[in-house]
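The structure file data-v2.cif is reproduced below (mmCIF, all heavy atoms).
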data_query
loop_
_atom_site.label_atom_id
_atom_site.label_comp_id
_atom_site.auth_asym_id
_atom_site.auth_seq_id
_atom_site.Cartn_x
_atom_site.Cartn_y
_atom_site.Cartn_z
N MET C 1 -52.02 182.96 204.51
CA MET C 1 -51.80 182.01 205.59
C MET C 1 -52.41 182.55 206.88
O MET C 1 -52.27 183.73 207.19
CB MET C 1 -50.31 181.76 205.76
CG MET C 1 -49.98 180.82 206.86
SD MET C 1 -48.23 180.44 206.90
CE MET C 1 -48.34 178.69 206.84
N LEU C 2 -53.08 181.69 207.62
CA LEU C 2 -53.71 182.09 208.86
C LEU C 2 -52.72 182.06 210.02
O LEU C 2 -51.90 181.17 210.10
CB LEU C 2 -54.87 181.16 209.18
CG LEU C 2 -56.03 181.15 208.20
CD1 LEU C 2 -57.02 180.05 208.58
CD2 LEU C 2 -56.71 182.48 208.17
N ASN C 3 -52.85 183.02 210.90
CA ASN C 3 -52.04 183.06 212.12
C ASN C 3 -52.74 182.19 213.16
O ASN C 3 -53.90 182.43 213.51
CB ASN C 3 -51.92 184.50 212.59
CG ASN C 3 -51.12 184.64 213.85
OD1 ASN C 3 -51.33 183.93 214.82
ND2 ASN C 3 -50.19 185.56 213.82
N ILE C 4 -52.05 181.18 213.67
CA ILE C 4 -52.68 180.23 214.59
C ILE C 4 -53.20 180.91 215.85
O ILE C 4 -54.29 180.59 216.32
CB ILE C 4 -51.72 179.06 214.94
CG1 ILE C 4 -52.45 177.97 215.73
CG2 ILE C 4 -50.52 179.54 215.72
CD1 ILE C 4 -53.46 177.21 214.95
N ASP C 5 -52.49 181.90 216.38
CA ASP C 5 -52.95 182.59 217.58
C ASP C 5 -54.26 183.33 217.31
O ASP C 5 -55.18 183.30 218.13
CB ASP C 5 -51.90 183.58 218.08
CG ASP C 5 -50.66 182.89 218.60
OD1 ASP C 5 -50.79 181.83 219.22
OD2 ASP C 5 -49.56 183.43 218.39
N GLU C 6 -54.35 183.96 216.16
CA GLU C 6 -55.56 184.68 215.78
C GLU C 6 -56.74 183.72 215.62
O GLU C 6 -57.85 183.98 216.09
CB GLU C 6 -55.31 185.42 214.47
CG GLU C 6 -56.46 186.23 213.96
CD GLU C 6 -56.13 186.91 212.65
OE1 GLU C 6 -54.98 187.31 212.43
OE2 GLU C 6 -57.07 187.04 211.84
N VAL C 7 -56.50 182.60 214.98
CA VAL C 7 -57.56 181.62 214.77
C VAL C 7 -58.03 181.03 216.09
O VAL C 7 -59.23 180.87 216.33
CB VAL C 7 -57.10 180.51 213.80
CG1 VAL C 7 -58.14 179.41 213.69
CG2 VAL C 7 -56.80 181.10 212.43
N LEU C 8 -57.09 180.71 216.96
CA LEU C 8 -57.46 180.16 218.28
C LEU C 8 -58.33 181.15 219.05
O LEU C 8 -59.34 180.77 219.65
CB LEU C 8 -56.22 179.81 219.09
CG LEU C 8 -55.40 178.61 218.60
CD1 LEU C 8 -54.13 178.46 219.44
CD2 LEU C 8 -56.22 177.34 218.62
N ARG C 9 -57.95 182.42 219.02
CA ARG C 9 -58.74 183.45 219.71
C ARG C 9 -60.14 183.57 219.12
O ARG C 9 -61.13 183.62 219.84
CB ARG C 9 -58.04 184.80 219.63
CG ARG C 9 -57.25 185.15 220.86
CD ARG C 9 -56.80 186.59 220.85
NE ARG C 9 -56.20 186.97 219.58
CZ ARG C 9 -54.90 186.92 219.26
NH1 ARG C 9 -54.06 186.57 220.10
NH2 ARG C 9 -54.43 187.24 218.11
N LYS C 10 -60.23 183.63 217.79
CA LYS C 10 -61.53 183.78 217.13
C LYS C 10 -62.46 182.61 217.42
O LYS C 10 -63.66 182.78 217.56
CB LYS C 10 -61.35 183.91 215.61
CG LYS C 10 -60.88 185.27 215.18
CD LYS C 10 -60.79 185.35 213.67
CE LYS C 10 -60.30 186.72 213.26
NZ LYS C 10 -60.16 186.84 211.80
N LYS C 11 -61.90 181.41 217.50
CA LYS C 11 -62.70 180.22 217.76
C LYS C 11 -62.82 179.90 219.25
O LYS C 11 -63.45 178.91 219.62
CB LYS C 11 -62.13 179.03 217.00
CG LYS C 11 -62.27 179.17 215.49
CD LYS C 11 -61.84 177.97 214.73
CE LYS C 11 -62.65 176.75 214.91
NZ LYS C 11 -64.00 176.69 214.43
N ASN C 12 -62.21 180.75 220.08
CA ASN C 12 -62.24 180.57 221.53
C ASN C 12 -61.70 179.19 221.94
O ASN C 12 -62.30 178.48 222.74
CB ASN C 12 -63.65 180.80 222.08
CG ASN C 12 -63.64 181.07 223.56
OD1 ASN C 12 -62.70 181.64 224.09
ND2 ASN C 12 -64.69 180.64 224.24
N ILE C 13 -60.57 178.83 221.36
CA ILE C 13 -59.89 177.57 221.67
C ILE C 13 -58.59 177.92 222.38
O ILE C 13 -57.83 178.76 221.91
CB ILE C 13 -59.58 176.79 220.38
CG1 ILE C 13 -60.87 176.46 219.63
CG2 ILE C 13 -58.80 175.52 220.70
CD1 ILE C 13 -60.64 175.96 218.23
N SER C 14 -58.35 177.26 223.49
CA SER C 14 -57.11 177.52 224.22
C SER C 14 -56.09 176.41 223.96
O SER C 14 -56.43 175.32 223.50
CB SER C 14 -57.39 177.61 225.72
OG SER C 14 -57.69 176.34 226.24
N ILE C 15 -54.87 176.72 224.27
CA ILE C 15 -53.81 175.71 224.19
C ILE C 15 -54.13 174.56 225.13
O ILE C 15 -53.87 173.39 224.81
CB ILE C 15 -52.44 176.35 224.48
CG1 ILE C 15 -52.04 177.26 223.33
CG2 ILE C 15 -51.37 175.29 224.73
CD1 ILE C 15 -50.78 178.06 223.55
N VAL C 16 -54.72 174.87 226.27
CA VAL C 16 -55.12 173.84 227.23
C VAL C 16 -56.17 172.92 226.61
O VAL C 16 -56.12 171.70 226.81
CB VAL C 16 -55.63 174.47 228.54
CG1 VAL C 16 -56.19 173.43 229.47
CG2 VAL C 16 -54.51 175.25 229.22
N ASP C 17 -57.11 173.48 225.84
CA ASP C 17 -58.11 172.65 225.15
C ASP C 17 -57.43 171.64 224.23
O ASP C 17 -57.79 170.45 224.22
CB ASP C 17 -59.07 173.50 224.32
CG ASP C 17 -59.93 174.42 225.15
OD1 ASP C 17 -60.23 174.09 226.32
OD2 ASP C 17 -60.32 175.48 224.61
N ILE C 18 -56.47 172.11 223.46
CA ILE C 18 -55.76 171.23 222.53
C ILE C 18 -54.93 170.20 223.29
O ILE C 18 -54.92 169.02 222.95
CB ILE C 18 -54.90 172.05 221.55
CG1 ILE C 18 -55.81 172.91 220.67
CG2 ILE C 18 -54.02 171.13 220.69
CD1 ILE C 18 -55.08 173.91 219.79
N ALA C 19 -54.26 170.66 224.35
CA ALA C 19 -53.44 169.75 225.15
C ALA C 19 -54.30 168.66 225.79
O ALA C 19 -53.92 167.48 225.76
CB ALA C 19 -52.69 170.53 226.23
N ASP C 20 -55.44 169.03 226.34
CA ASP C 20 -56.33 168.05 226.94
C ASP C 20 -56.81 167.04 225.89
O ASP C 20 -56.86 165.83 226.15
CB ASP C 20 -57.54 168.72 227.58
CG ASP C 20 -57.20 169.45 228.87
OD1 ASP C 20 -56.09 169.24 229.41
OD2 ASP C 20 -58.04 170.26 229.32
N PHE C 21 -57.13 167.53 224.71
CA PHE C 21 -57.58 166.65 223.62
C PHE C 21 -56.49 165.65 223.24
O PHE C 21 -56.76 164.47 223.03
CB PHE C 21 -58.00 167.49 222.42
CG PHE C 21 -58.30 166.69 221.20
CD1 PHE C 21 -59.45 165.92 221.12
CD2 PHE C 21 -57.43 166.70 220.12
CE1 PHE C 21 -59.72 165.17 219.99
CE2 PHE C 21 -57.70 165.95 218.98
CZ PHE C 21 -58.86 165.18 218.92
N LEU C 22 -55.24 166.14 223.16
CA LEU C 22 -54.13 165.27 222.76
C LEU C 22 -53.58 164.43 223.91
O LEU C 22 -52.84 163.48 223.68
CB LEU C 22 -52.98 166.11 222.18
CG LEU C 22 -53.24 166.82 220.86
CD1 LEU C 22 -52.03 167.68 220.49
CD2 LEU C 22 -53.55 165.82 219.75
N GLY C 23 -53.91 164.81 225.13
CA GLY C 23 -53.39 164.08 226.29
C GLY C 23 -51.95 164.42 226.60
O GLY C 23 -51.19 163.56 227.05
N VAL C 24 -51.57 165.69 226.34
CA VAL C 24 -50.21 166.14 226.63
C VAL C 24 -50.29 167.42 227.46
O VAL C 24 -51.35 167.99 227.67
CB VAL C 24 -49.42 166.40 225.32
CG1 VAL C 24 -49.30 165.13 224.50
CG2 VAL C 24 -50.04 167.52 224.49
N ARG C 25 -49.12 167.86 227.94
CA ARG C 25 -49.07 169.10 228.71
C ARG C 25 -49.30 170.31 227.81
O ARG C 25 -48.96 170.28 226.62
CB ARG C 25 -47.70 169.27 229.38
CG ARG C 25 -47.35 168.20 230.37
CD ARG C 25 -45.95 168.36 230.99
NE ARG C 25 -44.93 168.66 230.01
CZ ARG C 25 -44.18 169.77 230.01
NH1 ARG C 25 -44.31 170.67 230.95
NH2 ARG C 25 -43.28 169.97 229.07
N SER C 26 -49.84 171.37 228.35
CA SER C 26 -50.06 172.59 227.57
C SER C 26 -48.73 173.17 227.09
O SER C 26 -48.66 173.74 225.99
CB SER C 26 -50.85 173.62 228.36
OG SER C 26 -50.20 173.95 229.56
N GLN C 27 -47.67 173.01 227.87
CA GLN C 27 -46.36 173.50 227.44
C GLN C 27 -45.88 172.78 226.19
O GLN C 27 -45.25 173.37 225.32
CB GLN C 27 -45.32 173.36 228.56
CG GLN C 27 -43.97 173.97 228.22
CD GLN C 27 -44.07 175.47 227.94
OE1 GLN C 27 -44.66 176.21 228.73
NE2 GLN C 27 -43.51 175.92 226.84
N THR C 28 -46.21 171.51 226.07
CA THR C 28 -45.84 170.73 224.88
C THR C 28 -46.53 171.31 223.65
O THR C 28 -45.90 171.50 222.60
CB THR C 28 -46.22 169.25 225.06
OG1 THR C 28 -45.54 168.75 226.21
CG2 THR C 28 -45.88 168.43 223.84
N VAL C 29 -47.82 171.59 223.76
CA VAL C 29 -48.56 172.18 222.64
C VAL C 29 -48.00 173.56 222.31
O VAL C 29 -47.79 173.89 221.14
CB VAL C 29 -50.07 172.26 222.94
CG1 VAL C 29 -50.81 173.01 221.84
CG2 VAL C 29 -50.64 170.87 223.11
N SER C 30 -47.72 174.35 223.33
CA SER C 30 -47.15 175.68 223.10
C SER C 30 -45.81 175.57 222.38
O SER C 30 -45.55 176.32 221.42
CB SER C 30 -46.97 176.40 224.44
OG SER C 30 -46.39 177.66 224.26
N ASP C 31 -44.97 174.65 222.81
CA ASP C 31 -43.67 174.46 222.15
C ASP C 31 -43.86 174.05 220.69
O ASP C 31 -43.13 174.52 219.82
CB ASP C 31 -42.85 173.39 222.87
CG ASP C 31 -42.29 173.85 224.21
OD1 ASP C 31 -42.30 175.08 224.47
OD2 ASP C 31 -41.84 172.99 224.99
N LYS C 32 -44.81 173.22 220.42
CA LYS C 32 -45.05 172.78 219.05
C LYS C 32 -45.60 173.92 218.19
O LYS C 32 -45.17 174.10 217.06
CB LYS C 32 -45.99 171.57 219.02
CG LYS C 32 -45.32 170.32 219.57
CD LYS C 32 -46.21 169.10 219.53
CE LYS C 32 -45.45 167.90 220.06
NZ LYS C 32 -46.02 166.64 219.65
N ILE C 33 -46.50 174.71 218.73
CA ILE C 33 -47.02 175.86 218.00
C ILE C 33 -45.91 176.85 217.70
O ILE C 33 -45.86 177.45 216.62
CB ILE C 33 -48.18 176.53 218.78
CG1 ILE C 33 -49.42 175.65 218.73
CG2 ILE C 33 -48.47 177.92 218.24
CD1 ILE C 33 -50.56 176.12 219.60
N ASN C 34 -44.98 177.01 218.64
CA ASN C 34 -43.89 177.97 218.47
C ASN C 34 -42.68 177.41 217.73
O ASN C 34 -41.66 178.08 217.61
CB ASN C 34 -43.47 178.52 219.84
CG ASN C 34 -44.54 179.40 220.43
OD1 ASN C 34 -45.09 180.27 219.76
ND2 ASN C 34 -44.88 179.17 221.69
N GLY C 35 -42.79 176.16 217.26
CA GLY C 35 -41.74 175.60 216.43
C GLY C 35 -40.57 174.97 217.16
O GLY C 35 -39.58 174.61 216.54
N VAL C 36 -40.68 174.85 218.47
CA VAL C 36 -39.60 174.20 219.23
C VAL C 36 -39.55 172.72 218.86
O VAL C 36 -38.47 172.14 218.70
CB VAL C 36 -39.80 174.39 220.75
CG1 VAL C 36 -38.75 173.63 221.54
CG2 VAL C 36 -39.78 175.88 221.11
N TYR C 37 -40.73 172.13 218.74
CA TYR C 37 -40.87 170.73 218.31
C TYR C 37 -41.90 170.69 217.19
O TYR C 37 -42.73 171.60 217.06
CB TYR C 37 -41.35 169.83 219.46
CG TYR C 37 -40.47 169.87 220.67
CD1 TYR C 37 -40.85 170.54 221.83
CD2 TYR C 37 -39.23 169.25 220.67
CE1 TYR C 37 -40.03 170.59 222.94
CE2 TYR C 37 -38.40 169.29 221.77
CZ TYR C 37 -38.81 169.96 222.91
OH TYR C 37 -37.99 170.00 224.01
N ASP C 38 -41.88 169.62 216.41
CA ASP C 38 -42.85 169.45 215.34
C ASP C 38 -44.07 168.69 215.83
O ASP C 38 -43.96 167.81 216.69
CB ASP C 38 -42.24 168.65 214.18
CG ASP C 38 -41.14 169.42 213.47
OD1 ASP C 38 -41.19 170.66 213.45
OD2 ASP C 38 -40.22 168.76 212.93
N PHE C 39 -45.22 169.03 215.26
CA PHE C 39 -46.39 168.20 215.46
C PHE C 39 -46.22 166.93 214.65
O PHE C 39 -45.71 166.97 213.54
CB PHE C 39 -47.67 168.91 214.98
CG PHE C 39 -48.22 169.91 215.94
CD1 PHE C 39 -47.96 171.27 215.78
CD2 PHE C 39 -49.02 169.52 216.99
CE1 PHE C 39 -48.47 172.20 216.66
CE2 PHE C 39 -49.54 170.44 217.87
CZ PHE C 39 -49.27 171.79 217.71
N LYS C 40 -46.65 165.82 215.20
CA LYS C 40 -46.72 164.60 214.41
C LYS C 40 -47.90 164.76 213.47
O LYS C 40 -48.88 165.45 213.78
CB LYS C 40 -46.93 163.38 215.32
CG LYS C 40 -45.74 163.12 216.22
CD LYS C 40 -46.02 161.97 217.15
CE LYS C 40 -44.84 161.80 218.09
NZ LYS C 40 -45.14 160.89 219.18
N PHE C 41 -47.83 164.11 212.31
CA PHE C 41 -48.89 164.25 211.33
C PHE C 41 -50.24 163.85 211.92
O PHE C 41 -51.24 164.55 211.72
CB PHE C 41 -48.58 163.42 210.08
CG PHE C 41 -49.61 163.57 209.00
CD1 PHE C 41 -49.65 164.71 208.23
CD2 PHE C 41 -50.55 162.58 208.78
CE1 PHE C 41 -50.61 164.87 207.24
CE2 PHE C 41 -51.50 162.72 207.80
CZ PHE C 41 -51.54 163.87 207.03
N ARG C 42 -50.26 162.76 212.66
CA ARG C 42 -51.54 162.31 213.23
C ARG C 42 -52.09 163.31 214.25
O ARG C 42 -53.31 163.47 214.36
CB ARG C 42 -51.41 160.91 213.81
CG ARG C 42 -50.49 160.78 214.97
CD ARG C 42 -50.43 159.30 215.47
NE ARG C 42 -49.32 159.09 216.33
CZ ARG C 42 -49.31 159.41 217.63
NH1 ARG C 42 -50.37 159.94 218.18
NH2 ARG C 42 -48.23 159.20 218.37
N GLU C 43 -51.20 164.00 214.97
CA GLU C 43 -51.66 165.04 215.90
C GLU C 43 -52.28 166.20 215.13
O GLU C 43 -53.35 166.69 215.50
CB GLU C 43 -50.48 165.58 216.72
CG GLU C 43 -49.92 164.63 217.73
CD GLU C 43 -48.67 165.17 218.40
OE1 GLU C 43 -47.89 165.91 217.76
OE2 GLU C 43 -48.47 164.84 219.59
N ALA C 44 -51.61 166.62 214.08
CA ALA C 44 -52.11 167.74 213.28
C ALA C 44 -53.46 167.40 212.67
O ALA C 44 -54.38 168.23 212.67
CB ALA C 44 -51.10 168.11 212.21
N LYS C 45 -53.60 166.19 212.14
CA LYS C 45 -54.88 165.78 211.53
C LYS C 45 -55.98 165.70 212.58
O LYS C 45 -57.11 166.12 212.35
CB LYS C 45 -54.73 164.44 210.82
CG LYS C 45 -53.96 164.50 209.53
CD LYS C 45 -54.62 165.38 208.50
CE LYS C 45 -55.89 164.77 207.97
NZ LYS C 45 -56.56 165.60 206.98
N ALA C 46 -55.65 165.18 213.76
CA ALA C 46 -56.65 165.06 214.82
C ALA C 46 -57.11 166.44 215.29
O ALA C 46 -58.30 166.68 215.49
CB ALA C 46 -56.09 164.26 215.99
N ILE C 47 -56.17 167.38 215.43
CA ILE C 47 -56.51 168.75 215.82
C ILE C 47 -57.38 169.39 214.76
O ILE C 47 -58.38 170.04 215.06
CB ILE C 47 -55.23 169.58 216.07
CG1 ILE C 47 -54.51 169.08 217.32
CG2 ILE C 47 -55.57 171.07 216.20
CD1 ILE C 47 -53.10 169.62 217.47
N GLN C 48 -57.00 169.20 213.51
CA GLN C 48 -57.77 169.78 212.40
C GLN C 48 -59.20 169.26 212.42
O GLN C 48 -60.15 170.03 212.32
CB GLN C 48 -57.09 169.47 211.07
CG GLN C 48 -57.69 170.18 209.88
CD GLN C 48 -58.85 169.42 209.25
OE1 GLN C 48 -58.89 168.21 209.28
NE2 GLN C 48 -59.77 170.16 208.69
N ARG C 49 -59.37 167.96 212.58
CA ARG C 49 -60.72 167.37 212.59
C ARG C 49 -61.53 167.84 213.79
O ARG C 49 -62.73 168.14 213.66
CB ARG C 49 -60.64 165.85 212.61
CG ARG C 49 -60.59 165.25 211.22
CD ARG C 49 -60.70 163.76 211.29
NE ARG C 49 -59.52 163.44 211.62
CZ ARG C 49 -58.56 162.58 211.88
NH1 ARG C 49 -58.61 161.87 211.91
NH2 ARG C 49 -57.43 162.36 212.17
N GLU C 50 -60.90 167.90 214.95
CA GLU C 50 -61.63 168.24 216.18
C GLU C 50 -61.97 169.71 216.28
O GLU C 50 -63.07 170.08 216.70
CB GLU C 50 -60.80 167.82 217.40
CG GLU C 50 -61.45 168.10 218.72
CD GLU C 50 -62.63 167.22 219.03
OE1 GLU C 50 -62.82 166.17 218.39
OE2 GLU C 50 -63.40 167.58 219.95
N PHE C 51 -61.03 170.59 215.92
CA PHE C 51 -61.19 172.01 216.19
C PHE C 51 -61.37 172.89 214.96
O PHE C 51 -61.93 173.99 215.06
CB PHE C 51 -59.99 172.54 216.98
CG PHE C 51 -59.82 171.91 218.33
CD1 PHE C 51 -58.88 170.91 218.54
CD2 PHE C 51 -60.60 172.30 219.39
CE1 PHE C 51 -58.71 170.33 219.78
CE2 PHE C 51 -60.45 171.73 220.65
CZ PHE C 51 -59.50 170.73 220.85
N PHE C 52 -60.90 172.45 213.81
CA PHE C 52 -60.87 173.33 212.65
C PHE C 52 -61.49 172.73 211.41
O PHE C 52 -61.12 173.06 210.29
CB PHE C 52 -59.42 173.72 212.33
CG PHE C 52 -58.72 174.38 213.50
CD1 PHE C 52 -57.78 173.69 214.23
CD2 PHE C 52 -59.04 175.68 213.85
CE1 PHE C 52 -57.15 174.30 215.31
CE2 PHE C 52 -58.41 176.29 214.92
CZ PHE C 52 -57.47 175.60 215.65
N SER C 53 -62.45 171.86 211.56
CA SER C 53 -63.02 171.18 210.40
C SER C 53 -63.76 172.13 209.46
O SER C 53 -63.95 171.80 208.29
CB SER C 53 -63.96 170.06 210.86
OG SER C 53 -65.02 170.59 211.62
N ARG C 54 -64.12 173.30 209.92
CA ARG C 54 -64.87 174.25 209.07
C ARG C 54 -64.02 175.34 208.47
O ARG C 54 -64.52 176.25 207.83
CB ARG C 54 -66.00 174.87 209.88
CG ARG C 54 -67.02 173.82 210.27
CD ARG C 54 -68.20 174.44 210.91
NE ARG C 54 -69.09 173.36 211.35
CZ ARG C 54 -69.97 173.48 212.30
NH1 ARG C 54 -70.09 174.62 212.93
NH2 ARG C 54 -70.72 172.47 212.64
N ILE C 55 -62.71 175.30 208.71
CA ILE C 55 -61.83 176.34 208.14
C ILE C 55 -61.37 175.90 206.78
O ILE C 55 -61.01 174.80 206.54
CB ILE C 55 -60.62 176.61 209.06
CG1 ILE C 55 -61.10 177.26 210.33
CG2 ILE C 55 -59.59 177.49 208.37
CD1 ILE C 55 -60.01 177.62 211.32
#
This entry written out as C-alpha coordinates:
Amino acid sequence: MLNIDEVLRKKNISIVDIADFLGVRSQTVSDKINGVYDFKFREAKAIQREFFSRI
(Lines of atoms letter the chains of each structure in order from A and count residues from 1; the text may use other names and numbers.)
(Lines give C-alpha, C1' and ligand atoms only; values in the text may rest on other atoms or scores of the structure.)
Protein backbone atom coordinates (compact mmCIF):
# COMPACT_ATOMS: atom_id res chain seq x y z
CA MET A 1 0.00 0.00 0.00
CA LEU A 2 1.27 3.45 -0.90
CA ASN A 3 1.62 6.18 1.70
CA ILE A 4 -0.34 9.20 0.44
CA ASP A 5 2.13 11.72 1.91
CA GLU A 6 5.03 9.98 0.18
CA VAL A 7 3.21 9.87 -3.14
CA LEU A 8 2.20 13.53 -2.93
CA ARG A 9 5.81 14.51 -2.26
CA LYS A 10 7.19 12.38 -5.10
CA LYS A 11 4.68 13.82 -7.56
CA ASN A 12 5.10 17.35 -6.17
CA ILE A 13 1.38 17.66 -5.44
CA SER A 14 0.24 19.73 -2.48
CA ILE A 15 -2.91 19.51 -0.43
CA VAL A 16 -3.66 23.01 -1.73
CA ASP A 17 -3.47 21.67 -5.31
CA ILE A 18 -6.06 19.02 -4.50
CA ALA A 19 -8.22 21.48 -2.56
CA ASP A 20 -8.19 23.97 -5.44
CA PHE A 21 -9.12 21.20 -7.87
CA LEU A 22 -12.03 20.08 -5.68
CA GLY A 23 -13.11 23.61 -4.80
CA VAL A 24 -12.78 23.07 -1.04
CA ARG A 25 -10.54 24.38 1.73
CA SER A 26 -7.12 22.79 2.18
CA GLN A 27 -8.08 21.93 5.77
CA THR A 28 -10.98 19.87 4.41
CA VAL A 29 -8.62 17.84 2.20
CA SER A 30 -6.19 17.44 5.09
CA ASP A 31 -8.98 16.20 7.35
CA LYS A 32 -10.08 13.71 4.72
CA ILE A 33 -6.54 12.43 4.15
CA ASN A 34 -6.13 12.03 7.92
CA GLY A 35 -9.41 10.14 8.28
CA VAL A 36 -11.40 12.79 10.12
CA TYR A 37 -13.92 12.72 7.27
CA ASP A 38 -14.38 10.37 4.33
CA PHE A 39 -13.78 11.27 0.72
CA LYS A 40 -16.88 10.95 -1.40
CA PHE A 41 -16.43 8.36 -4.12
CA ARG A 42 -16.71 10.96 -6.86
CA GLU A 43 -14.02 13.08 -5.16
CA ALA A 44 -11.68 10.12 -4.92
CA LYS A 45 -12.24 9.20 -8.59
CA ALA A 46 -11.73 12.80 -9.71
CA ILE A 47 -8.48 13.08 -7.73
CA GLN A 48 -7.29 9.76 -9.12
CA ARG A 49 -7.98 10.83 -12.71
CA GLU A 50 -6.48 14.30 -12.32
CA PHE A 51 -3.37 13.56 -10.26
CA PHE A 52 -2.69 9.83 -10.17
CA SER A 53 -3.75 8.37 -13.50
CA ARG A 54 -0.31 6.81 -14.02
CA ILE A 55 0.00 5.05 -10.66
Would you translate the PyMOL selection byres (((chain C and resi 25-32 and name CA) around 12) and name CA) into the concrete set of residues it matches in this file, as number ranges by chain?
-> C: 4-5, 14-24, 33-40, 43-44, 47
To one decimal in Å, tell me the separation between CE2 of Phe51 in chain C and atom O of Arg9 in chain C.
->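 Straight-line distance from CE2 of Phe51 in chain C to atom O of Arg9 in chain C works out to 11.9 Å.
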To one decimal place, how far is CB of Asn3 in chain C from atom N of Gln48 in chain C in Å?
-> 16.1 Å
At what distance in Å, to one decimal, does NH1 of Arg49 in chain C lie from CG2 of Ile13 in chain C?
-> 16.2 Å
Please return the centre and edge lengths, in Å to one decimal, of a box with edges along x, y and z that contains all listed atoms of range 10-20 of chain C, widened by 5 Å on every side, as JSON.
{"center_x": -57.7, "center_y": 176.3, "center_z": 220.6, "size_x": 23.9, "size_y": 31.0, "size_z": 27.7}
Return as a PyMOL selection string the full set of residues in chain C whose backbone-based DSSP assignment is helix (DSSP H, G or I).
-> chain C and resi 4-10+15-22+26-33+41-51
